[in-house]
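Dropping run31.txt in here (compact mmCIF, C-alpha atoms):
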```
# COMPACT_ATOMS: atom_id res chain seq x y z
CA MET V 247 39.74 11.68 5.33
CA ASP V 248 39.25 12.54 8.99
CA ARG V 249 35.48 12.67 9.10
CA HIS V 250 35.51 14.30 12.55
CA LEU V 251 37.21 17.48 11.34
CA THR V 252 36.97 17.75 7.58
CA HIS V 253 34.50 19.98 5.75
CA LEU V 254 31.86 17.76 4.16
CA LYS V 255 30.07 18.38 0.88
CA ILE V 256 26.64 16.74 0.89
CA THR V 257 23.96 16.15 -1.71
CA VAL V 258 20.46 15.51 -0.34
CA SER V 259 18.30 13.95 -3.02
CA ALA V 260 14.82 12.59 -3.69
CA LEU V 261 13.46 10.84 -6.73
CA THR V 262 10.00 11.96 -7.89
CA ARG V 263 7.36 10.99 -10.42
CA GLN V 264 3.97 12.70 -10.81
CA ARG V 265 3.43 13.55 -7.14
CA PRO V 266 3.61 17.38 -7.11
CA GLU V 267 1.72 17.92 -3.84
CA MET V 268 3.88 15.46 -1.93
CA LEU V 269 7.03 16.83 -3.55
CA SER V 270 6.08 20.36 -2.51
CA ALA V 271 5.71 19.25 1.12
CA LEU V 272 9.14 17.61 0.97
CA LEU V 273 10.73 20.76 -0.48
CA GLU V 274 9.18 22.84 2.29
CA SER V 275 10.69 20.52 4.90
CA TRP V 276 14.07 20.73 3.15
CA GLY V 277 13.90 24.49 3.45
CA GLY V 278 13.48 24.19 7.21
CA MET V 279 16.38 21.78 7.76
CA THR V 280 19.27 22.75 10.00
CA VAL V 281 22.52 22.96 8.04
CA PRO V 282 25.12 20.86 9.89
CA GLU V 283 28.26 22.65 11.05
CA ASN V 284 31.28 22.53 8.74
CA CYS V 285 29.17 21.26 5.84
CA SER V 286 28.09 22.50 2.42
CA VAL V 287 24.73 21.05 1.43
CA GLN V 288 22.83 21.05 -1.85
CA CYS V 289 19.38 19.56 -2.46
CA LEU V 290 18.60 17.72 -5.68
CA VAL V 291 15.28 16.55 -7.11
CA VAL V 292 15.57 13.88 -9.80
CA GLU V 293 12.38 13.50 -11.83
CA ASN V 294 12.01 10.05 -13.36
CA ASP V 295 9.66 10.67 -16.26
CA THR V 296 9.62 11.21 -20.00
CA VAL V 297 8.89 14.94 -19.66
CA PRO V 298 9.50 17.39 -16.78
CA HIS V 299 6.05 17.36 -15.15
CA SER V 300 7.36 18.50 -11.76
CA GLU V 301 10.10 20.92 -12.78
CA ALA V 302 7.79 23.89 -12.21
CA VAL V 303 7.16 22.72 -8.63
CA VAL V 304 10.91 22.74 -7.96
CA ARG V 305 11.54 26.06 -9.77
CA ALA V 306 8.79 27.72 -7.70
CA TYR V 307 11.07 27.41 -4.66
CA GLY V 308 13.84 29.27 -6.43
CA GLU V 309 17.49 28.40 -6.78
CA THR V 310 18.10 28.55 -3.03
CA LEU V 311 15.98 27.28 -0.15
CA PRO V 312 15.27 29.51 2.90
CA ASN V 313 18.14 27.90 4.84
CA GLY V 314 20.60 28.80 2.08
CA MET V 315 20.86 25.33 0.52
CA PRO V 316 21.02 25.37 -3.29
CA LEU V 317 18.07 23.56 -4.92
CA LEU V 318 18.79 21.66 -8.13
CA TYR V 319 16.66 19.73 -10.60
CA ALA V 320 17.50 16.89 -12.99
CA LEU V 321 15.38 14.86 -15.40
CA GLU V 322 16.08 11.14 -15.82
CA THR V 323 14.00 9.89 -18.76
CA GLU V 324 14.96 6.22 -18.47
CA PRO V 325 12.06 4.73 -16.47
CA GLY V 326 12.85 2.92 -13.24
CA ILE V 327 13.92 3.83 -9.71
CA PRO V 328 17.52 2.53 -10.03
CA PHE V 329 18.09 4.84 -13.01
CA GLY V 330 16.91 7.82 -10.95
CA ARG V 331 19.03 6.85 -7.95
CA ASN V 332 22.13 6.41 -10.11
CA CYS V 333 21.42 9.75 -11.78
CA ALA V 334 21.48 11.39 -8.34
CA ALA V 335 24.74 9.61 -7.53
CA ARG V 336 26.36 10.85 -10.74
CA HIS V 337 25.26 14.42 -9.96
CA ALA V 338 26.65 14.17 -6.41
CA ILE V 339 29.96 12.82 -7.72
CA ALA V 340 30.20 15.54 -10.36
CA HIS V 341 29.57 18.14 -7.66
CA GLY V 342 32.39 16.71 -5.57
CA SER V 343 30.08 15.61 -2.75
CA ASP V 344 31.50 13.36 -0.05
CA LEU V 345 28.06 12.14 1.03
CA LEU V 346 24.77 11.41 -0.72
CA CYS V 347 21.49 11.23 1.19
CA PHE V 348 18.19 9.83 -0.01
CA MET V 349 14.60 9.94 1.11
CA ASP V 350 11.35 9.44 -0.82
CA ASP V 351 9.22 12.18 -2.35
CA ASP V 352 6.23 11.17 -0.20
CA GLU V 353 8.16 12.00 2.97
CA THR V 354 9.08 15.07 4.97
CA VAL V 355 12.16 15.42 7.15
CA ALA V 356 12.51 16.58 10.74
CA GLN V 357 14.28 19.92 11.17
CA ASP V 358 17.30 18.24 12.76
CA TRP V 359 17.23 15.19 10.46
CA LEU V 360 20.36 15.97 8.45
CA ASP V 361 22.25 17.29 11.45
CA ARG V 362 21.63 14.03 13.31
CA LEU V 363 22.57 11.89 10.30
CA VAL V 364 25.83 13.77 9.84
CA THR V 365 26.59 13.57 13.57
CA GLY V 366 26.07 9.83 13.34
CA TYR V 367 28.39 9.65 10.35
CA ARG V 368 31.11 11.71 12.04
CA THR V 369 31.04 9.59 15.19
CA SER V 370 31.12 6.23 13.42
CA SER V 371 33.25 4.39 10.90
CA ALA V 372 30.26 3.47 8.71
CA VAL V 373 30.24 4.32 5.01
CA LEU V 374 26.51 3.60 4.72
CA LEU V 375 23.97 4.61 7.37
CA GLY V 376 20.22 4.21 7.72
CA ALA V 377 17.66 5.72 10.07
CA PRO V 378 13.99 5.23 11.05
CA LEU V 379 10.84 5.89 9.06
CA ARG V 380 7.69 7.05 10.81
CA ALA V 381 4.16 7.55 9.50
CA ALA V 382 2.94 11.13 9.25
CA PRO V 383 -0.24 12.02 11.19
CA PRO V 384 -3.60 11.46 9.44
CA SER V 385 -4.91 14.23 7.20
CA GLY V 386 -8.42 14.00 8.63
CA ALA V 387 -9.96 12.97 5.30
CA GLU V 388 -9.54 9.21 5.84
CA THR V 389 -12.48 6.83 6.19
CA ALA V 390 -12.82 4.65 9.29
CA ILE V 391 -11.19 1.64 7.59
CA GLN V 392 -8.42 3.84 6.24
CA ARG V 393 -7.75 5.22 9.73
CA LEU V 394 -7.56 1.65 10.99
CA MET V 395 -5.01 0.71 8.34
CA LEU V 396 -3.03 3.89 9.08
CA SER V 397 -2.91 2.87 12.76
CA ASN V 398 -1.62 -0.53 11.65
CA ILE V 399 1.10 1.11 9.54
CA GLU V 400 2.09 3.45 12.38
CA ASN V 401 2.42 0.51 14.76
CA ARG V 402 4.33 -1.51 12.17
CA TYR V 403 6.87 1.29 11.68
CA LEU V 404 7.27 1.85 15.42
CA THR V 405 7.78 -1.88 15.98
CA LYS V 406 10.51 -1.88 13.33
CA GLU V 407 12.06 1.21 14.93
CA ARG V 408 12.14 -0.38 18.38
CA LYS V 409 13.68 -3.59 17.02
CA ALA V 410 16.31 -1.59 15.14
CA SER V 411 17.18 0.43 18.25
CA LYS V 412 17.85 -2.83 20.11
CA ARG V 413 19.83 -4.57 17.35
CA ALA V 414 21.60 -1.79 15.45
CA THR V 415 24.28 0.72 16.40
CA LEU V 416 26.39 3.34 14.66
CA GLU V 417 28.91 0.58 13.94
CA ASP V 418 26.62 -2.31 12.95
CA THR V 419 23.06 -2.56 11.66
CA GLY V 420 22.54 -5.94 13.30
CA GLY V 421 21.01 -7.16 10.07
CA VAL V 422 18.58 -4.22 9.75
CA THR V 423 18.47 -3.45 6.03
CA ILE V 424 19.29 0.13 5.02
CA VAL V 425 16.84 1.38 2.40
CA THR V 426 16.56 4.66 0.55
CA ASN V 427 13.64 6.10 2.51
CA ASN V 428 16.27 7.33 5.01
CA TRP V 429 19.79 6.79 3.68
CA LEU V 430 23.27 8.29 3.89
CA GLY V 431 26.19 6.90 1.93
CA GLU V 432 29.67 7.94 0.95
CA THR V 433 29.99 8.67 -2.77
CA ARG V 434 33.10 6.46 -2.65
CA LEU V 435 30.71 3.50 -2.64
CA PHE V 436 30.06 4.32 -6.29
CA THR V 437 33.44 5.63 -7.40
CA ASP V 438 35.86 3.40 -5.48
CA HIS V 439 33.82 0.25 -4.86
CA ASN V 440 31.67 0.28 -8.01
CA ILE V 441 28.46 -0.43 -6.11
CA TRP V 442 25.46 1.00 -7.97
CA PHE V 443 21.70 0.50 -7.92
CA ASP V 444 20.96 -2.48 -10.16
CA GLU V 445 19.32 -1.14 -13.33
CA THR V 446 18.16 -4.60 -14.41
CA MET V 447 15.63 -4.36 -11.55
CA ARG V 448 13.82 -1.53 -13.29
CA MET V 449 10.38 -1.75 -11.67
CA THR V 450 10.62 -4.57 -9.15
CA GLY V 451 11.82 -2.63 -6.12
CA GLY V 452 14.50 -4.00 -3.83
CA THR V 453 17.50 -2.30 -5.46
CA ASP V 454 18.29 -0.46 -2.23
CA ALA V 455 18.24 -3.74 -0.28
CA LYS V 456 20.58 -5.22 -2.88
CA PHE V 457 22.86 -2.17 -2.60
CA TYR V 458 23.00 -2.68 1.16
CA ALA V 459 23.72 -6.41 0.74
CA GLU V 460 26.56 -5.71 -1.70
CA THR V 461 28.04 -3.13 0.68
CA VAL V 462 28.03 -5.65 3.52
CA ALA V 463 29.41 -8.39 1.23
CA ALA V 464 32.29 -6.07 0.33
CA GLY V 465 33.23 -5.94 4.02
CA LEU V 466 32.40 -2.24 4.35
CA PRO V 467 31.13 -0.87 7.68
CA VAL V 468 27.45 0.02 7.96
CA GLY V 469 25.51 1.64 10.79
CA TRP V 470 22.22 2.96 12.10
CA VAL V 471 21.27 6.42 13.40
CA ASP V 472 18.30 5.93 15.70
CA ASN V 473 17.24 9.57 16.08
CA ALA V 474 17.18 11.01 12.52
CA PHE V 475 13.53 10.89 11.52
CA VAL V 476 11.62 11.15 8.27
CA TYR V 477 7.83 10.99 8.05
CA GLU V 478 5.91 9.22 5.30
CA ARG V 479 2.67 10.79 4.07
CA ILE V 480 0.46 7.81 3.23
CA PRO V 481 -2.21 8.54 0.58
CA PRO V 482 -5.68 6.96 0.84
CA GLU V 483 -5.07 4.49 -1.99
CA ARG V 484 -2.33 2.83 0.09
CA LEU V 485 -4.60 2.51 3.11
CA SER V 486 -6.41 -0.56 1.81
CA PHE V 487 -5.98 -4.21 2.69
CA TRP V 488 -5.45 -5.11 -0.97
CA TYR V 489 -2.75 -2.51 -1.56
CA GLN V 490 -0.82 -3.69 1.51
CA ALA V 491 -1.19 -7.32 0.43
CA ALA V 492 0.04 -6.45 -3.07
CA ARG V 493 3.01 -4.60 -1.58
CA GLY V 494 3.88 -7.64 0.54
CA ARG V 495 3.52 -9.85 -2.54
CA ASP V 496 5.85 -7.77 -4.69
CA GLN V 497 8.44 -7.18 -1.97
CA SER V 498 8.67 -10.88 -1.14
CA ASN V 499 8.79 -11.77 -4.83
CA ALA V 500 11.69 -9.38 -5.51
CA TYR V 501 13.54 -10.43 -2.34
CA MET V 502 13.19 -14.16 -2.99
CA ARG V 503 14.22 -13.85 -6.63
CA ARG V 504 17.37 -12.08 -5.50
CA ARG V 505 18.03 -14.81 -2.91
CA LEU V 506 17.52 -17.54 -5.52
CA GLU V 507 20.20 -15.93 -7.66
CA ARG V 508 22.74 -15.52 -4.87
CA ARG V 509 21.96 -18.26 -2.32
CA PRO V 510 19.55 -20.75 -3.87
CA VAL V 511 19.77 -23.30 -1.04
CA ASN V 512 18.88 -20.70 1.60
CA ALA V 513 16.09 -19.38 -0.60
CA VAL V 514 14.58 -22.82 -1.09
CA MET V 515 14.69 -23.37 2.68
CA GLN V 516 12.81 -20.11 3.20
CA ILE V 517 10.23 -21.05 0.58
CA ALA V 518 9.78 -24.36 2.40
CA THR V 519 8.51 -22.42 5.43
CA ALA V 520 5.32 -21.54 3.51
CA PRO V 521 3.15 -24.12 5.38
CA PHE V 522 4.22 -22.59 8.70
CA ARG V 523 3.33 -19.13 7.41
CA ILE V 524 -0.11 -20.41 6.47
CA VAL V 525 -0.55 -21.57 10.08
CA ALA V 526 0.74 -18.19 11.27
CA LEU V 527 -1.76 -16.45 8.98
CA ALA V 528 -4.59 -18.41 10.57
CA GLY V 529 -3.34 -17.36 14.00
CA LEU V 530 -3.27 -13.70 12.96
CA ILE V 531 -6.86 -13.93 11.76
CA VAL V 532 -7.86 -15.29 15.18
CA LEU V 533 -6.06 -12.37 16.89
CA LEU V 534 -7.57 -9.68 14.64
CA PRO V 535 -10.66 -8.93 16.78
CA PHE V 536 -8.43 -8.46 19.84
CA GLN V 537 -5.62 -6.45 18.18
CA PRO V 538 -7.19 -4.72 15.15
CA LYS V 539 -4.64 -1.88 15.13
CA LYS V 540 -1.74 -4.31 14.70
CA ARG V 541 -2.95 -7.48 13.02
CA LEU V 542 -4.79 -6.20 9.93
CA ILE V 543 -1.57 -5.26 8.15
CA ASP V 544 0.16 -8.42 9.42
CA ILE V 545 -2.57 -10.47 7.75
CA ALA V 546 -2.26 -8.49 4.52
CA ARG V 547 1.53 -8.70 4.40
CA THR V 548 1.65 -12.41 5.33
CA ALA V 549 -0.91 -13.29 2.68
CA GLY V 550 1.03 -11.17 0.21
CA TRP V 551 4.29 -12.92 1.13
CA LEU V 552 2.76 -16.28 0.39
CA VAL V 553 1.40 -15.19 -2.98
CA GLY V 554 4.63 -13.44 -3.97
CA VAL V 555 6.86 -16.40 -3.16
CA LEU V 556 4.61 -19.21 -4.34
CA SER V 557 3.97 -17.45 -7.67
CA ILE V 558 7.66 -17.49 -8.62
CA PRO V 559 7.47 -20.96 -10.28
CA PHE V 560 4.61 -19.62 -12.39
CA GLY V 561 6.74 -16.77 -13.73
CA TYR V 562 5.29 -13.88 -11.72
CA LYS V 563 7.71 -10.98 -11.40
CA SER V 564 7.19 -7.90 -9.25
CA ALA V 565 6.25 -4.65 -10.98
CA LEU V 566 5.84 -2.74 -7.73
CA TYR V 567 6.73 0.69 -9.07
CA LYS V 568 4.90 0.76 -12.40
CA LYS V 569 1.88 2.45 -10.81
CA VAL V 570 2.27 5.80 -9.05
CA THR V 571 0.22 6.34 -5.88
CA GLY V 572 -0.24 9.69 -4.20
CA HIS V 573 -0.50 13.23 -5.54
```

Represent the structure of the file as structure tokens.
Amino acid sequence: MDRHLTHLKITVSALTRQRPEMLSALLESWGGMTVPENCSVQCLVVENDTVPHSEAVVRAYGETLPNGMPLLYALETEPGIPFGRNCAARHAIAHGSDLLCFMDDDETVAQDWLDRLVTGYRTSSAVLLGAPLRAAPPSGAETAIQRLMLSNIENRYLTKERKASKRATLEDTGGVTIVTNNWLGETRLFTDHNIWFDETMRMTGGTDAKFYAETVAAGLPVGWVDNAFVYERIPPERLSFWYQAARGRDQSNAYMRRRLERRPVNAVMQIATAPFRIVALAGLIVLLPFQPKKRLIDIARTAGWLVGVLSIPFGYKSALYKKVTGH
């Protein structure tokens, strides 16, 4: 397939669960997307729930979005993010799509988001591409401490974006992990290479990082598009120190468990750095009064990392996605 010239069929998908207001904002942004030239695009919402709570939200937008993109709905009753992601992949394959794109249901997309992703795909050799995540502006209803945490999250995302722009290119991510908050992949990854989201990791999170790792391990080219933006709407319940610490705990727990399975020696060496992270945590606490808009989340995430990793011998296992946050 000559990706520079061929007509591309694309499925843009998001997984949702009990967040109708956020889903509605995403659908509105889908309707304003620019349709890339020489492409056919359909949008697909996969609801991961026992009953179709959000189907009416999708149906309210009709069968076709304002930009002419068909809008489809599917219900995946098996609980767990990897089941929903694989459901979207099966739908894309059945539709004959060449490309599958993912973002989260608590995000909105820039008008030129898909156009820039597809341009990146056409001008690279990558079969899997990622792009930056930014925090959406505050709603105005946040408390002072919530605004402070939102500033921390904004700075954290921008720091990650700047690092990625220095390390990653259209032909190499430079080790930047591609996750499904801003994701484009060829459907051949599923059909030809048999790489799927790991359904044994039902609620732990980290299946997208594992998908990326398996793609790289298979010797397939990956890349980064530095100008295709999505914006995360962060609800108040996530703007607490304890939520951010718990997120760091569960992400580190899932990551380290995966490392212990694949590269136990490397994992043990990373775990052995815990005393240095404790020292680093103390340093972050000292810096907090001088850099409150950057260091609060660093403290939360570092503390969470320590708890997540050091709790592995005691049998703790991440259940990051059992509780839904947002509306």

Practice prompt. Work out how far CA of Glu274 in chain V is from CA of Asp361 in chain V, in Å to one decimal.
Written response: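 Computed distance, CA of Asp361 in chain V to CA of Glu274 in chain V, equals 16.9 Å.
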
Response to the item:
Restricting to only C-alpha atoms, whichever of V:Pro559, V:Gly366, V:Pro384, V:Gly376 is closest to Pro282 in chain V is V:Gly366

Practice prompt. Would you list the residues near (31.4, 8.4, 4.4), meaning any protein, DNA or RNA residue with an atom at most 8 Å from that point in file coordinates, counting only C-alpha atoms, as an MDAnalysis selection string?
Written response: chainID V and resid 249 344:345 367 371:374 431:434

Could you give me, as an mmCIF file with C-alpha atoms, in the coordinates of the input, the residues within 10 Å of Trp488 in chain V, counting all atoms listed in the file and dropping anything in the same chain fewer than 5 positions from it?
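Writing done, so here's result.cif:
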```
data_model
loop_
_atom_site.group_PDB
_atom_site.id
_atom_site.type_symbol
_atom_site.label_atom_id
_atom_site.label_comp_id
_atom_site.auth_asym_id
_atom_site.auth_seq_id
_atom_site.Cartn_x
_atom_site.Cartn_y
_atom_site.Cartn_z
ATOM 1 C CA GLU V 483 -5.070 4.490 -1.990
ATOM 2 C CA ARG V 493 3.010 -4.600 -1.580
ATOM 3 C CA GLY V 494 3.880 -7.640 0.540
ATOM 4 C CA ILE V 543 -1.570 -5.260 8.150
ATOM 5 C CA ALA V 546 -2.260 -8.490 4.520
ATOM 6 C CA ARG V 547 1.530 -8.700 4.400
ATOM 7 C CA GLY V 550 1.030 -11.170 0.210
#
```

Worksheet item: Phe487 in chain V: which residues within 12 Å, counting all atoms listed in the file, same-chain residues fewer than 6 positions away excluded, as a ChimeraX atom specification?
Response: /V:391-396,398-399,493-494,541-550

Go through range 392-461 of chain V residue by residue and, counting all atoms listed in the file, keep those with an atom at most 8 Å from range 317-333 of chain V; for each kept residue give the shortest atom pair and its distance in Å to one decimal, ordered by chain and increasing number, as a Markdown table.
```
| residue | atom | partner | partner_atom | distance |
| --- | --- | --- | --- | --- |
| V:Trp442 | CA | V:Asn332 | CA | 6.7 |
| V:Phe443 | CA | V:Pro328 | CA | 5.1 |
| V:Asp444 | CA | V:Pro328 | CA | 6.1 |
| V:Glu445 | CA | V:Pro328 | CA | 5.3 |
| V:Met447 | CA | V:Pro328 | CA | 7.3 |
| V:Arg448 | CA | V:Gly326 | CA | 4.6 |
| V:Met449 | CA | V:Gly326 | CA | 5.5 |
| V:Gly451 | CA | V:Ile327 | CA | 7.7 |
| V:Thr453 | CA | V:Pro328 | CA | 6.6 |
```

Fill in: Counting all atoms listed in the file, the residue of V:Pro378, V:Gly465, V:Gly278, V:Pro538 that sits nearest Leu435 in chain V
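Ranked by minimum distance to Leu435 in chain V, first place goes to V:Gly465.
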